[in-house]
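K.L.:
Handing over run_18.txt, compact mmCIF, C-alpha atoms.
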# COMPACT_ATOMS: atom_id res chain seq x y z
CA MET A 1 -17.58 87.85 3.67
CA THR A 2 -14.99 86.61 6.05
CA GLU A 3 -16.55 88.75 8.69
CA ASP A 4 -19.95 87.22 7.99
CA MET A 5 -18.48 83.73 8.32
CA ASN A 6 -16.97 84.63 11.62
CA GLN A 7 -20.39 85.70 12.84
CA VAL A 8 -21.91 82.22 12.19
CA GLU A 9 -23.18 80.82 15.49
CA VAL A 10 -20.67 78.40 16.91
CA ASN A 11 -21.44 77.00 20.34
CA ASN A 12 -18.75 76.87 22.92
CA TYR A 13 -19.84 73.92 25.10
CA ALA A 14 -18.71 73.35 28.64
CA VAL A 15 -18.22 70.23 30.71
CA GLY A 16 -21.59 68.85 31.77
CA ASP A 17 -23.50 70.16 28.75
CA LYS A 18 -25.75 67.85 26.74
CA VAL A 19 -25.11 67.72 23.00
CA GLN A 20 -26.49 65.98 19.93
CA ALA A 21 -23.96 64.12 17.81
CA THR A 22 -23.66 61.72 14.89
CA VAL A 23 -21.36 58.69 14.86
CA VAL A 24 -18.80 59.03 12.05
CA LYS A 25 -16.39 56.24 12.95
CA VAL A 26 -16.41 53.26 15.29
CA GLU A 27 -12.99 52.17 16.46
CA GLU A 28 -11.95 49.36 18.74
CA LYS A 29 -11.74 51.35 21.95
CA GLN A 30 -13.57 54.58 21.11
CA VAL A 31 -16.18 56.18 18.90
CA GLN A 32 -15.72 59.41 16.87
CA VAL A 33 -18.67 61.77 16.51
CA GLU A 34 -19.57 65.10 14.93
CA ILE A 35 -21.21 67.47 17.38
CA GLU A 36 -24.06 69.64 16.16
CA GLY A 37 -23.26 73.37 16.37
CA SER A 38 -19.60 72.85 17.14
CA LYS A 39 -16.44 72.97 15.07
CA LYS A 40 -14.86 70.56 17.49
CA ASP A 41 -15.35 66.83 17.05
CA GLY A 42 -15.77 64.48 19.92
CA ILE A 43 -14.81 61.03 21.05
CA ILE A 44 -16.59 58.56 23.27
CA PRO A 45 -14.26 56.18 25.15
CA ILE A 46 -15.57 52.61 25.10
CA SER A 47 -16.02 52.75 28.88
CA GLU A 48 -18.50 55.63 28.41
CA LEU A 49 -20.75 53.87 25.91
CA SER A 50 -22.87 51.92 28.40
CA SER A 51 -23.51 51.31 32.07
CA LEU A 52 -22.55 47.69 31.36
CA HIS A 53 -19.20 46.25 30.40
CA VAL A 54 -18.59 46.55 26.63
CA GLU A 55 -16.19 44.29 24.76
CA LYS A 56 -16.53 45.97 21.36
CA ALA A 57 -17.86 49.44 20.55
CA THR A 58 -19.74 47.97 17.61
CA ASP A 59 -21.88 46.05 20.10
CA VAL A 60 -23.40 49.38 21.15
CA VAL A 61 -23.32 51.83 18.23
CA LYS A 62 -22.74 51.98 14.49
CA GLU A 63 -21.86 54.72 11.99
CA GLY A 64 -24.71 57.14 11.34
CA ASP A 65 -26.34 56.73 14.75
CA LYS A 66 -27.72 59.92 16.30
CA LEU A 67 -26.80 60.13 19.98
CA GLU A 68 -27.44 62.38 22.93
CA LEU A 69 -24.20 62.78 24.85
CA GLN A 70 -22.78 64.62 27.82
CA ILE A 71 -19.45 66.45 27.74
CA THR A 72 -17.11 65.14 30.39
CA LYS A 73 -13.87 66.83 29.31
CA GLU A 74 -12.75 69.56 26.90
CA GLU A 75 -9.41 69.44 25.12
CA ASP A 76 -7.88 71.84 22.59
CA ASP A 77 -9.28 70.21 19.48
CA LEU A 78 -12.08 67.92 20.73
CA TYR A 79 -14.55 67.06 23.43
CA VAL A 80 -14.56 63.84 25.44
CA LEU A 81 -18.16 62.65 25.67
CA SER A 82 -20.21 60.12 27.58
CA LYS A 83 -23.26 58.27 26.33
CA ARG A 84 -23.48 56.43 29.65
CA LYS A 85 -23.98 59.58 31.72
CA ALA A 86 -26.49 61.10 29.31
CA ASP A 87 -28.49 57.89 29.26
CA ALA A 88 -28.30 57.53 33.03
CA GLU A 89 -29.69 60.98 33.73
CA LYS A 90 -32.77 60.32 31.62
CA ALA A 91 -33.02 56.78 32.88
CA TRP A 92 -33.12 57.75 36.55
CA GLU A 93 -36.01 60.10 35.86
CA GLU A 94 -37.86 57.38 34.00
CA MET A 95 -37.12 54.73 36.64
CA GLN A 96 -38.33 57.04 39.40
CA LYS A 97 -41.71 57.37 37.66
CA ARG A 98 -41.95 53.62 37.10
CA PHE A 99 -41.06 52.95 40.72
CA GLU A 100 -43.65 55.37 42.08
CA ASN A 101 -46.37 53.99 39.77
CA GLY A 102 -45.51 50.33 40.39
CA GLU A 103 -45.19 49.92 36.65
CA VAL A 104 -44.42 46.58 35.02
CA PHE A 105 -42.08 46.84 32.02
CA GLU A 106 -39.99 44.61 29.81
CA ALA A 107 -36.23 44.51 29.43
CA GLU A 108 -33.64 42.18 27.91
CA VAL A 109 -31.23 40.32 30.16
CA LYS A 110 -27.77 41.48 29.10
CA GLU A 111 -25.58 39.62 31.56
CA VAL A 112 -25.65 36.65 33.90
CA VAL A 113 -23.45 37.42 36.89
CA LYS A 114 -22.77 35.82 40.22
CA GLY A 115 -25.88 36.21 42.30
CA GLY A 116 -28.32 37.19 39.58
CA LEU A 117 -29.05 38.93 36.27
CA VAL A 118 -28.25 42.36 34.82
CA VAL A 119 -30.30 44.52 32.44
CA ASP A 120 -29.43 47.80 30.73
CA LEU A 121 -32.05 50.50 31.23
CA GLY A 122 -29.70 53.36 30.57
CA ILE A 123 -28.50 52.49 34.02
CA ARG A 124 -27.55 49.12 35.36
CA GLY A 125 -30.46 47.19 36.76
CA PHE A 126 -29.75 44.15 38.95
CA ILE A 127 -32.10 41.22 39.57
CA PRO A 128 -30.97 39.08 42.54
CA ALA A 129 -31.30 35.34 41.99
CA SER A 130 -34.02 35.14 44.64
CA LEU A 131 -36.12 37.65 42.70
CA VAL A 132 -35.90 36.02 39.28
CA GLU A 133 -38.53 33.29 39.70
CA ASP A 134 -40.90 32.02 42.36
CA HIS A 135 -39.00 28.73 42.41
CA TYR A 136 -35.38 27.68 42.71
CA VAL A 137 -33.27 27.99 39.54
CA GLU A 138 -29.95 26.17 39.49
CA ASP A 139 -28.46 27.66 36.31
CA PHE A 140 -29.28 31.09 34.85
CA GLU A 141 -27.20 30.81 31.66
CA ASP A 142 -30.29 30.33 29.49
CA TYR A 143 -31.64 33.68 30.69
CA LYS A 144 -29.06 35.75 28.80
CA GLY A 145 -30.74 37.52 25.87
CA LYS A 146 -34.19 36.70 27.23
CA THR A 147 -36.78 39.49 27.43
CA MET A 148 -38.62 39.47 30.74
CA SER A 149 -41.09 41.64 32.64
CA PHE A 150 -39.94 43.43 35.80
CA LYS A 151 -40.98 45.71 38.61
CA ILE A 152 -38.61 48.03 40.47
CA VAL A 153 -38.39 47.03 44.12
CA GLU A 154 -35.56 49.32 45.24
CA LEU A 155 -34.21 52.61 43.83
CA ASP A 156 -31.40 54.78 45.23
CA GLN A 157 -29.84 57.18 42.74
CA GLU A 158 -27.19 58.44 45.15
CA LYS A 159 -25.89 54.89 45.62
CA ASN A 160 -26.47 54.10 41.95
CA ARG A 161 -28.65 51.19 43.10
CA LEU A 162 -31.54 49.84 41.02
CA ILE A 163 -33.01 46.48 42.05
CA LEU A 164 -35.61 44.78 39.88
CA SER A 165 -37.82 41.74 40.40
CA HIS A 166 -39.45 39.35 37.98
CA ARG A 167 -40.81 37.33 40.86
CA ALA A 168 -42.87 40.32 41.98
CA VAL A 169 -44.57 40.31 38.57
CA ILE A 170 -45.31 36.59 38.88
CA ASP A 171 -46.74 37.06 42.38
CA MET A 172 -48.91 39.93 41.19
CA GLN A 173 -50.23 37.90 38.25
CA LYS A 174 -50.92 34.96 40.53
CA SER A 175 -52.80 37.16 42.97
CA GLU A 176 -54.96 38.63 40.22
CA ASN A 177 -55.64 35.22 38.73
CA LYS A 178 -56.44 33.80 42.15
CA LYS A 179 -59.09 36.45 42.73
CA LYS A 180 -60.58 35.69 39.32
CA VAL A 181 -60.68 31.94 39.93
CA LEU A 182 -62.13 32.37 43.42
CA SER A 183 -64.89 34.60 42.06
CA GLU A 184 -65.87 32.14 39.33
CA ILE A 185 -65.36 28.67 40.82
CA GLN A 186 -68.37 26.85 42.24
CA ALA A 187 -68.87 23.75 44.38
CA GLY A 188 -69.54 20.81 42.11
CA ASP A 189 -67.24 21.98 39.31
CA VAL A 190 -65.00 19.29 37.85
CA LEU A 191 -61.62 20.68 36.80
CA GLU A 192 -58.21 19.64 35.55
CA GLY A 193 -55.35 20.31 37.96
CA LYS A 194 -51.71 19.62 38.70
CA VAL A 195 -50.36 18.31 42.00
CA GLN A 196 -48.07 20.98 43.47
CA ARG A 197 -47.00 19.41 46.77
CA LEU A 198 -47.83 16.59 49.14
CA THR A 199 -48.31 16.74 52.89
CA ASP A 200 -49.14 14.15 55.54
CA PHE A 201 -52.79 15.20 55.42
CA GLY A 202 -53.30 15.44 51.66
CA ALA A 203 -52.24 17.10 48.43
CA PHE A 204 -52.34 20.68 47.14
CA VAL A 205 -53.50 20.87 43.53
CA ASP A 206 -53.15 23.88 41.21
CA ILE A 207 -56.45 24.43 39.41
CA GLY A 208 -55.43 27.37 37.25
CA GLY A 209 -53.41 29.73 39.40
CA VAL A 210 -54.88 28.84 42.76
CA ASP A 211 -54.21 25.82 44.95
CA GLY A 212 -56.92 23.69 46.49
CA LEU A 213 -56.54 20.96 49.11
CA VAL A 214 -57.42 17.35 48.45
CA HIS A 215 -57.65 15.85 51.92
CA ILE A 216 -56.16 12.37 52.28
CA SER A 217 -59.68 10.97 52.73
CA GLN A 218 -60.59 12.35 49.29
CA LEU A 219 -57.67 10.87 47.36
CA SER A 220 -59.15 7.41 46.74
CA HIS A 221 -62.11 5.17 47.48
CA GLU A 222 -59.64 2.91 49.24
CA HIS A 223 -57.96 3.66 52.56
CA VAL A 224 -54.75 5.65 52.01
CA GLU A 225 -51.89 5.48 54.52
CA LYS A 226 -49.92 8.34 52.95
CA PRO A 227 -50.64 10.50 49.86
CA SER A 228 -47.45 9.45 48.05
CA ASP A 229 -48.86 5.91 47.85
CA VAL A 230 -51.46 7.02 45.30
CA ILE A 231 -50.31 10.36 43.87
CA GLN A 232 -47.11 12.19 42.90
CA GLU A 233 -46.02 15.84 42.63
CA GLY A 234 -46.39 17.14 39.08
CA GLN A 235 -49.12 14.62 38.26
CA GLU A 236 -52.08 15.83 36.19
CA VAL A 237 -55.36 14.99 37.92
CA LYS A 238 -59.07 15.58 37.63
CA VAL A 239 -60.72 17.05 40.72
CA LYS A 240 -64.18 17.97 41.91
CA VAL A 241 -64.75 21.15 43.92
CA LEU A 242 -66.31 20.28 47.28
CA SER A 243 -66.44 23.77 48.80
CA VAL A 244 -65.13 27.31 48.30
CA ASP A 245 -64.40 29.73 51.15
CA ARG A 246 -63.75 33.03 49.40
CA ASP A 247 -63.05 34.95 52.61
CA SER A 248 -60.21 32.66 53.66
CA GLU A 249 -59.37 31.78 50.03
CA ARG A 250 -59.63 28.07 50.75
CA ILE A 251 -60.83 25.49 48.25
CA SER A 252 -61.61 21.88 49.15
CA LEU A 253 -61.21 19.37 46.35
CA SER A 254 -61.77 15.67 45.79
CA ILE A 255 -60.10 13.24 43.43
CA LYS A 256 -62.20 10.36 44.79
CA GLU A 257 -65.41 11.98 43.54
CA THR A 258 -64.13 11.90 39.95
CA LEU A 259 -63.22 8.19 40.05
CA PRO A 260 -65.59 5.27 39.43
CA GLY A 261 -67.01 4.13 42.77
CA PRO A 262 -66.19 0.70 44.17
CA TRP A 263 -69.82 -0.35 43.57
CA THR A 264 -69.78 0.63 39.88
CA ASN A 265 -70.62 -2.42 37.75
CA ILE A 266 -70.66 -4.58 40.87
CA SER A 267 -73.27 -6.87 39.28
CA GLU A 268 -70.67 -7.71 36.64
CA LYS A 269 -67.81 -8.13 39.09
CA ALA A 270 -69.89 -10.14 41.58
CA PRO A 271 -72.82 -11.81 39.81
CA VAL A 272 -75.18 -14.11 41.67
CA GLY A 273 -73.45 -17.44 42.20
CA ALA A 274 -69.93 -16.04 42.04
CA GLU A 275 -67.48 -17.47 44.54
CA LEU A 276 -65.16 -14.85 46.07
CA THR A 277 -62.54 -14.49 48.75
CA GLY A 278 -62.97 -11.65 51.22
CA THR A 279 -61.97 -10.26 54.60
CA VAL A 280 -64.23 -10.03 57.63
CA LYS A 281 -64.44 -6.31 58.41
CA ARG A 282 -67.16 -6.12 61.06
CA LEU A 283 -69.10 -8.53 63.22
CA VAL A 284 -72.61 -7.60 64.36
CA SER A 285 -75.31 -9.52 66.16
CA TYR A 286 -77.10 -10.41 62.94
CA GLY A 287 -74.11 -11.37 60.82
CA ALA A 288 -70.74 -10.41 59.37
CA PHE A 289 -69.70 -7.79 56.83
CA VAL A 290 -67.10 -9.15 54.43
CA GLU A 291 -65.08 -6.95 52.06
CA VAL A 292 -64.86 -8.72 48.70
CA PHE A 293 -63.44 -5.76 46.70
CA PRO A 294 -61.80 -2.56 47.98
CA GLY A 295 -64.65 -0.50 49.39
CA VAL A 296 -67.27 -3.19 48.72
CA GLU A 297 -68.67 -5.04 51.72
CA GLY A 298 -71.38 -7.68 51.60
CA LEU A 299 -73.46 -9.06 54.43
CA VAL A 300 -73.27 -12.69 55.48
CA HIS A 301 -76.41 -13.12 57.57
CA ILE A 302 -75.92 -15.15 60.74
CA SER A 303 -78.03 -17.90 59.19
CA GLN A 304 -75.57 -18.08 56.28
CA ILE A 305 -72.34 -18.27 58.28
CA SER A 306 -72.35 -21.93 59.26
CA ASN A 307 -74.19 -25.15 58.54
CA ARG A 308 -74.76 -25.61 62.26
CA HIS A 309 -76.76 -23.30 64.46
CA ILE A 310 -74.72 -20.52 66.10
CA GLY A 311 -75.74 -17.96 68.68
CA THR A 312 -73.46 -15.14 67.53
CA PRO A 313 -71.07 -14.67 64.59
CA HIS A 314 -68.22 -14.36 67.10
CA GLU A 315 -68.45 -18.12 67.74
CA VAL A 316 -66.87 -18.92 64.39
CA LEU A 317 -65.48 -15.66 62.97
CA LYS A 318 -63.14 -12.85 63.93
CA GLU A 319 -62.43 -9.49 62.31
CA GLY A 320 -59.58 -9.58 59.79
CA GLN A 321 -60.18 -13.24 59.00
CA GLU A 322 -60.04 -14.27 55.34
CA VAL A 323 -63.06 -16.30 54.22
CA LYS A 324 -64.67 -17.73 51.12
CA VAL A 325 -68.15 -16.55 50.21
CA LYS A 326 -70.75 -17.07 47.50
CA VAL A 327 -72.98 -14.30 46.14
CA LEU A 328 -76.68 -14.79 46.89
CA ASP A 329 -78.03 -11.44 45.72
CA VAL A 330 -76.79 -8.14 44.18
CA ASN A 331 -78.47 -4.74 44.37
CA GLU A 332 -76.23 -2.22 42.59
CA GLU A 333 -78.63 0.69 43.03
CA GLU A 334 -78.66 0.35 46.81
CA ASN A 335 -75.04 -0.86 47.09
CA ARG A 336 -76.10 -4.08 48.75
CA LEU A 337 -74.55 -7.51 48.45
CA SER A 338 -75.86 -10.66 50.14
CA LEU A 339 -73.38 -13.45 50.73
CA THR A 340 -73.21 -16.96 52.16
CA MET A 341 -70.39 -19.02 53.67
CA LYS A 342 -72.36 -22.26 54.05
CA PRO A 343 -71.11 -23.94 50.85
CA PHE A 344 -67.59 -23.72 52.23
CA ASP A 345 -68.38 -24.81 55.79
CA GLU A 346 -66.74 -28.20 56.42
CA GLU A 347 -69.07 -29.00 59.34
CA PRO A 348 -72.28 -30.73 58.05
CA SER A 349 -75.69 -29.37 58.93
CA ARG A 350 -77.96 -30.97 61.55
CA GLN A 351 -80.17 -32.43 58.82
CA GLU A 352 -77.17 -33.99 57.13
CA THR A 353 -76.02 -35.47 60.43
CA GLU A 354 -79.47 -36.94 61.10
CA SER A 355 -79.62 -38.42 57.60
CA TYR A 356 -76.55 -40.50 58.39
CA THR A 357 -78.06 -42.07 61.59
CA MET A 358 -79.15 -45.62 60.86
CA PRO A 359 -82.92 -46.19 61.33
CA GLU A 360 -83.93 -48.52 64.14
CA GLU A 361 -85.47 -51.03 61.79
CA ASN A 362 -82.19 -51.46 59.97
CA THR A 363 -80.13 -52.43 63.02
CA GLY A 364 -81.28 -56.06 62.91
CA PHE A 365 -82.74 -56.03 66.47
CA GLN A 366 -85.30 -54.18 68.57
CA LEU A 367 -84.86 -52.35 71.85
CA GLY A 368 -87.30 -54.77 73.53
CA GLU A 369 -85.20 -57.70 72.45
CA MET A 370 -82.12 -56.13 74.10
CA ILE A 371 -84.01 -55.65 77.39
CA GLY A 372 -85.49 -59.17 77.23
CA ASP A 373 -82.07 -60.73 76.74
CA GLN A 374 -80.74 -58.84 79.76
CA LEU A 375 -83.70 -60.06 81.92
CA LYS A 376 -83.13 -63.66 80.88
CA GLY A 377 -79.55 -63.44 81.92
CA LEU A 378 -80.52 -62.18 85.36
CA LYS A 379 -82.95 -65.11 85.90
CA ARG A 380 -80.33 -67.64 85.03
CA GLU A 381 -77.97 -66.12 87.53
CA GLU A 382 -80.63 -66.51 90.22
Please express what this file holds, its structure, as structure tokens.
P.N.:
Amino acid sequence: MTEDMNQVEVNNYAVGDKVQATVVKVEEKQVQVEIEGSKKDGIIPISELSSLHVEKATDVVKEGDKLELQITKEEDDLYVLSKRKADAEKAWEEMQKRFENGEVFEAEVKEVVKGGLVVDLGIRGFIPASLVEDHYVEDFEDYKGKTMSFKIVELDQEKNRLILSHRAVIDMQKSENKKKVLSEIQAGDVLEGKVQRLTDFGAFVDIGGVDGLVHISQLSHEHVEKPSDVIQEGQEVKVKVLSVDRDSERISLSIKETLPGPWTNISEKAPVGAELTGTVKRLVSYGAFVEVFPGVEGLVHISQISNRHIGTPHEVLKEGQEVKVKVLDVNEEENRLSLTMKPFDEEPSRQETESYTMPEENTGFQLGEMIGDQLKGLKREE
């Protein structure tokens, strides 16, 4: 019987061998395990539990866990084992496949360190701060414990170097979404967007993963000196698609086209008979164009500029001059407004001047009487 017991298969493991073991006790600085097929027990030093720094062994394992380990040292009555090395060997194989395939995968951020984030993939994966997001992040503390998607951008097993990027995933998603938007968007579409950035010549608006340009001339019906006068970064806006160039991936947008035009309801804002104040914008041979509302110009015909006859509008008006006008006619459909300045002209008309000249019969004497008196005076002198 004793001889039969002695013949029971008992493995004699060597350094470097992989073994299966069960956790029997978790201590402060090490973990005790029972190794399958061996009479010797094993211990895992806390430093060999993970590729990351471990404060407490209980943060990594618990009693009853089944582990795959690698023997790092053999002593008389036990083996010294490493979970870190066993995990790393499998992890490098897996990471190599993911790297070659450009695979996107998820992992939990375990640590926030100077310069970036750290994840545990069986090996230590590092995400530099510049590869975390596609925008600047001041404080990464909120990222600890967060599950994020990554791509491997650099792998070197000999140097134990594994660099990951979340930004690469964002860029890839943006590129795919951009292609989708570009294939579906059409000129004339009215969309909701968000102002991403302002330039001297306009504003770039995100319309669902792709940016379109609103040229400064398309920001408002009014003249705009600089975009920041009428719009701000982060502002939600409605835009109309003017054109789509899929080859160059350029989209032209307009905010102006989604806004009520300056002539909308002009018959209510400037009804016939209304007295308004405006600015002379242009002088032409047949009259003057006066802006009475932003983007709304009405014509004062030359015959309606002054109560006296004038040869050209330039005789009494100059561009930029502020004047008072009265509405004569409104045509909202054709965007036409007829105006007059005559009620506000201080100089009386020719007819009014003539009406104030006293008639000859009311002067009390006749022209012939004046001549006769002069002739009589001459005779007396003779």
K.L.:
Can you pull out the residues contacting Met172 of chain A? Cut-off 12 Å, using all atoms listed in the file, and skip same-chain residues under 2 positions away; I want them as a ChimeraX atom specification.
P.N.:
/A:102-104,134,149-151,165-170,174-179,209
K.L.:
As a list in words, please: the residues near Ile46 of chain A (cut-off 10 Å, all atoms listed in the file, same-chain neighbours under 6 positions excluded).
P.N.:
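Near neighbours after the sequence-gap exclusion: Val26, Glu27, Glu28, Lys29, Gln30, Val31, His53, Val54, Glu55, Lys56, Ala57, Thr58, Val60, Ser82, Lys83 and Arg84 of chain A.
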K.L.:
Between atom CA of Glu89 of chain A and atom CA of Lys110 of chain A, what is the distance in Å, rounded to a tenth?
P.N.:
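Computing it gives 20.1 Å between the two atoms.
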K.L.:
Give the padded box for segment 311-328 of chain A as lines of an AutoDock Vina configuration file: axis-aligned, covering all atoms listed in the file, 3 Å on each side, centre and edge lengths in Å to one decimal.
P.N.:
center_x = -68.1
center_y = -14.2
center_z = 57.4
size_x = 23.1
size_y = 15.4
size_z = 28.5
K.L.:
For Leu182 of chain A, which residue among A:His135, A:Arg250, A:His223, A:Lys73 is the nearest when counting only C-alpha atoms?
P.N.:
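Residue with the minimum atom-to-atom distance to Leu182 of chain A: A:Arg250.
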K.L.:
Find the residue from A:Phe204, A:Tyr286, A:Trp92, A:Tyr136 that sits nearest to Glu158 of chain A; use all atoms listed in the file when measuring.
P.N.:
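Answer, going by the shortest atom-to-atom distance: A:Trp92.
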K.L.:
Determine, counting all atoms listed in the file, which protein, DNA and RNA residues have an atom within 7 Å of an atom of Ile152 of chain A; residues of the same chain fewer than 6 positions away are not included. Present the result as a list in words.
P.N.:
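The residues satisfying every condition are Phe99, Ile163, Leu164 and Ser165 of chain A.
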K.L.:
My list of candidates is A:Leu78, A:Leu67, A:Ile310, A:Leu49. Which is closest to Ala21 of chain A when distances are computed with all atoms listed in the file?
P.N.:
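Nearest to Ala21 of chain A: A:Leu67.
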K.L.:
Which residue gives the smallest distance to Ala14 of chain A among A:Val300, A:Ile35, A:Leu213, A:Ile71, with only C-alpha atoms counted?
P.N.:
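Checking each of A:Val300, A:Ile35, A:Leu213, A:Ile71 against Ala14 of chain A, counting only C-alpha atoms, the winner is A:Ile71.
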K.L.:
For a quick check of understanding, using all atoms listed in the file, which of A:Asn335, A:Gln173, A:Ser306, A:Ser243 has the smallest distance to Pro262 of chain A?
P.N.:
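Nearest to Pro262 of chain A: A:Asn335.
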K.L.:
Report, in Å with one decimal, the straight-line distance from atom CA of Ala129 of chain A to atom CA of Lys180 of chain A.
P.N.:
29.4 Å
K.L.:
For atom CA of Val61 of chain A and atom CA of Pro128 of chain A, quote the distance in Å rounded to one decimal.
P.N.:
28.5 Å
K.L.:
Place a sphere of radius 8 Å on (-27.7, 62.9, 24.1) in the file coordinates and name every protein, DNA or RNA residue with an atom inside or on its surface, counting only C-alpha atoms; give the answer as a list in words.
P.N.:
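Residues close enough to count: Lys18, Val19, Gln20, Ala21, Leu67, Glu68, Leu69, Gln70, Lys83, Ala86 and Asp87 of chain A.
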